[in-house]
Each structure stands twice: as C-alpha cells, then as structure tokens.
Amino acid sequence: MKYIITFAFMLLPFLSSGATLRIEGERAWLKADGMALSKVLQLFEQRGVEVLIDPSIEMGRVTGEWEEAKVERLVAQLASPHSYLVEWNRMETPLGKMDRITAIRIFSDGNAGAAKRLSSKKGSSAKSVGK
C-alpha cells in the first residue's frame with residue numbers, strides 16, 4: 001500500500017493540466033506552465049477554433065499568464081517570431097453583434113500555404129493578417 005501511495009504522488013505532476021484557456025468574444029485568459037505550443041493550440045481547437053501550423057516550424061514551450069488579453073495579441077505572442085492569420089466570424093446574438101475567433105494559421109514568413117491542420121479536422125480559411 002505504501003508503494004501505491006508513493007507511486008501516485010510521483011505521477012501527480014503528470015496528471016495535472018499544464019495549461020488552461022478561456023475565450024470570451026475578443027478576449028482570452030491563458031495560463032501555461034512549460035506546455036508545448038502544440039498542446040496550447042489544441043486548447044483553442046477544443047473551443048471550436050480551427051488551428052493550422054507550418055510543419056517546418058519548431059514549436060517551443062509556453063509559460064506565462066494572460067488575463068483578459070485580446071485574442072489577436074495572444075496569438076501574435078504565441079506565434080512569435082513567425083507570421084500568423086486569424087479568422088473571425090461576426091454573429092448576431094440577443095445582446096448584439098459578437099465577434100468569435102474561428103481559425104488560427106501560423107507559418108514561416110511568406111509561406112501561408114504550408115500550414116497544415118494541427119488535428120484531423122476538415123475545412124479551412126483565414127482572413128485577418130498579423131505580424
């Protein structure tokens with residue numbers, strides 16, 4: 001029994017999430033502690049955002065905390081030093097118009113066409129340019 005408890009405590013750091021993400025309209029909250037960029041981008045996918053990335057880009061790790069950051073600024077910081085595109089969709093809601101992020105594309109300069117889906121989701125396009 002003593003070994004089981006010791007083993008469980010050794011696994012605890014691997015079981016806890018390395019990042020959390022919340023998106024509300026044009027604002028985002030992200031907290032990451034040494035998580036691979038690809039895993040952070042998967043958090044965007046889990047919230048309905050299509051993510052495309054150039055496979056030739058070396059993806060580092062993300063550590064930091066962003067509170068009520070503009071989504072476009074957060075994506076710019078995550079993509080740096082590479083270029084990125086962000087697509088938005090304007091929706092009519094009972095409370096008025098609301099912009100919602102629908103796609104992120106990260107690529108090496110001048111090579112937007114090289115970006116591939118981070119996961120196996122279908123369909124893609126991107127409109128607003130950054131970098």
# chains A, B, ... in the order shown; residues from 1 in each chain; ligands from 1

$ residues_around --residues "Ser38 (chain A)" --least-positions-apart "3" --cutoff "9 Å" --atoms "only C-alpha atoms" --output "list in words"
Met35, Leu41, Gln42, Leu43, Met59, Gly60, Arg61 and Leu118 of chain A

$ select_by_dssp --residues "region 7-122 of chain A" --states "helix (DSSP H, G or I)" --output "ChimeraX atom specification"
/A:7-15,37-46,71-79,112-114

$ closest_residue --among "A:Glu50, A:Asp109, A:Asp99, A:Asp33" --to "Val71 (chain A)" --atoms "only C-alpha atoms"
A:Asp99

$ closest_residue --among "A:Met91, A:Ile104, A:Glu68, A:Val75" --to "Ala28 (chain A)" --atoms "only C-alpha atoms"
A:Glu68

$ closest_residue --among "A:Thr20, A:Ser80, A:Thr93, A:Thr63" --to "Phe107 (chain A)" --atoms "only C-alpha atoms"
A:Ser80

$ atom_distance --atom1 "CA of Ile101 (chain A)" --atom2 "CA of Val86 (chain A)"
7.3 Å

$ residues_around --residues "Arg90 (chain A)" --least-positions-apart "5" --cutoff "12 Å" --atoms "only C-alpha atoms" --output "ChimeraX atom specification"
/A:25-26,96-102

$ write_last_selection --atoms "N, CA and C atoms" --output "PDB file, in the first residue's frame"
ATOM      1  N   GLY A  25     -15.553  36.098 -26.537  1.00  0.00           N
ATOM      2  CA  GLY A  25     -15.560  37.106 -27.588  1.00  0.00           C
ATOM      3  C   GLY A  25     -14.148  37.387 -28.080  1.00  0.00           C
ATOM      4  N   GLU A  26     -13.699  38.636 -27.936  1.00  0.00           N
ATOM      5  CA  GLU A  26     -12.375  39.040 -28.407  1.00  0.00           C
ATOM      6  C   GLU A  26     -11.319  38.977 -27.308  1.00  0.00           C
ATOM      7  N   GLY A  96     -26.613  41.604 -29.121  1.00  0.00           N
ATOM      8  CA  GLY A  96     -25.979  42.403 -30.165  1.00  0.00           C
ATOM      9  C   GLY A  96     -24.957  41.598 -30.939  1.00  0.00           C
ATOM     10  N   LYS A  97     -24.154  42.306 -31.734  1.00  0.00           N
ATOM     11  CA  LYS A  97     -23.140  41.639 -32.547  1.00  0.00           C
ATOM     12  C   LYS A  97     -21.972  41.198 -31.676  1.00  0.00           C
ATOM     13  N   MET A  98     -21.430  39.999 -32.014  1.00  0.00           N
ATOM     14  CA  MET A  98     -20.288  39.477 -31.279  1.00  0.00           C
ATOM     15  C   MET A  98     -19.327  38.830 -32.263  1.00  0.00           C
ATOM     16  N   ASP A  99     -18.031  39.145 -32.127  1.00  0.00           N
ATOM     17  CA  ASP A  99     -17.010  38.523 -32.958  1.00  0.00           C
ATOM     18  C   ASP A  99     -16.500  37.279 -32.254  1.00  0.00           C
ATOM     19  N   ARG A 100     -16.316  36.210 -33.034  1.00  0.00           N
ATOM     20  CA  ARG A 100     -15.839  34.936 -32.492  1.00  0.00           C
ATOM     21  C   ARG A 100     -14.693  34.449 -33.361  1.00  0.00           C
ATOM     22  N   ILE A 101     -13.583  34.068 -32.736  1.00  0.00           N
ATOM     23  CA  ILE A 101     -12.448  33.541 -33.484  1.00  0.00           C
ATOM     24  C   ILE A 101     -12.820  32.164 -34.035  1.00  0.00           C
ATOM     25  N   THR A 102     -12.509  31.945 -35.325  1.00  0.00           N
ATOM     26  CA  THR A 102     -12.845  30.659 -35.939  1.00  0.00           C
ATOM     27  C   THR A 102     -11.624  29.895 -36.443  1.00  0.00           C
TER      28      THR A 102
END

$ closest_residue --among "A:Ala79, A:Asn89, A:Leu21, A:Lys116" --to "Phe44 (chain A)" --atoms "only C-alpha atoms"
A:Leu21

$ select_by_dssp --residues "region 73-107 of chain A" --states "strand (DSSP E)" --output "mmCIF file with C-alpha atoms, in the first residue's frame"
data_model
loop_
_atom_site.group_PDB
_atom_site.id
_atom_site.type_symbol
_atom_site.label_atom_id
_atom_site.label_comp_id
_atom_site.auth_asym_id
_atom_site.auth_seq_id
_atom_site.Cartn_x
_atom_site.Cartn_y
_atom_site.Cartn_z
ATOM 1 C CA SER A 83 3.654 35.111 -39.138
ATOM 2 C CA TYR A 84 0.019 34.323 -38.411
ATOM 3 C CA LEU A 85 -3.503 34.758 -39.759
ATOM 4 C CA VAL A 86 -6.646 34.900 -37.640
ATOM 5 C CA GLU A 87 -10.181 34.420 -38.946
ATOM 6 C CA TRP A 88 -13.184 35.877 -37.162
ATOM 7 C CA ASN A 89 -16.913 35.367 -37.579
ATOM 8 C CA ARG A 90 -19.360 38.137 -36.628
ATOM 9 C CA MET A 91 -22.510 36.696 -35.073
ATOM 10 C CA GLU A 92 -25.823 38.286 -34.198
ATOM 11 C CA THR A 93 -26.803 37.468 -30.614
ATOM 12 C CA GLY A 96 -25.979 42.403 -30.165
ATOM 13 C CA LYS A 97 -23.140 41.639 -32.547
ATOM 14 C CA MET A 98 -20.288 39.477 -31.279
ATOM 15 C CA ASP A 99 -17.010 38.523 -32.958
ATOM 16 C CA ARG A 100 -15.839 34.936 -32.492
ATOM 17 C CA ILE A 101 -12.448 33.541 -33.484
ATOM 18 C CA THR A 102 -12.845 30.659 -35.939
ATOM 19 C CA ALA A 103 -9.318 29.885 -37.232
ATOM 20 C CA ILE A 104 -5.626 30.427 -36.494
ATOM 21 C CA ARG A 105 -2.838 29.852 -39.015
ATOM 22 C CA ILE A 106 0.849 30.041 -38.006
ATOM 23 C CA PHE A 107 3.529 29.890 -40.694
#

$ atom_distance --atom1 "CA of Glu58 (chain A)" --atom2 "CA of Gly110 (chain A)"
16.5 Å

$ closest_residue --among "A:Leu95, A:Ala69, A:Ile23, A:Leu37" --to "Ile57 (chain A)" --atoms "only C-alpha atoms"
A:Leu37

$ decode --residues "region 106-117 of chain A" --atoms "C-alpha atoms" --output "mmCIF file, in the first residue's frame"
data_model
loop_
_atom_site.group_PDB
_atom_site.id
_atom_site.type_symbol
_atom_site.label_atom_id
_atom_site.label_comp_id
_atom_site.auth_asym_id
_atom_site.auth_seq_id
_atom_site.Cartn_x
_atom_site.Cartn_y
_atom_site.Cartn_z
ATOM 1 C CA ILE A 106 0.849 30.041 -38.006
ATOM 2 C CA PHE A 107 3.529 29.890 -40.694
ATOM 3 C CA SER A 108 7.041 30.954 -41.656
ATOM 4 C CA ASP A 109 7.230 34.348 -43.386
ATOM 5 C CA GLY A 110 5.595 34.351 -46.812
ATOM 6 C CA ASN A 111 4.631 30.685 -46.636
ATOM 7 C CA ALA A 112 0.966 30.698 -45.530
ATOM 8 C CA GLY A 113 0.155 27.804 -47.868
ATOM 9 C CA ALA A 114 2.468 25.472 -45.932
ATOM 10 C CA ALA A 115 0.234 25.477 -42.836
ATOM 11 C CA LYS A 116 -1.427 22.111 -42.111
ATOM 12 C CA ARG A 117 -4.185 21.230 -39.689
#
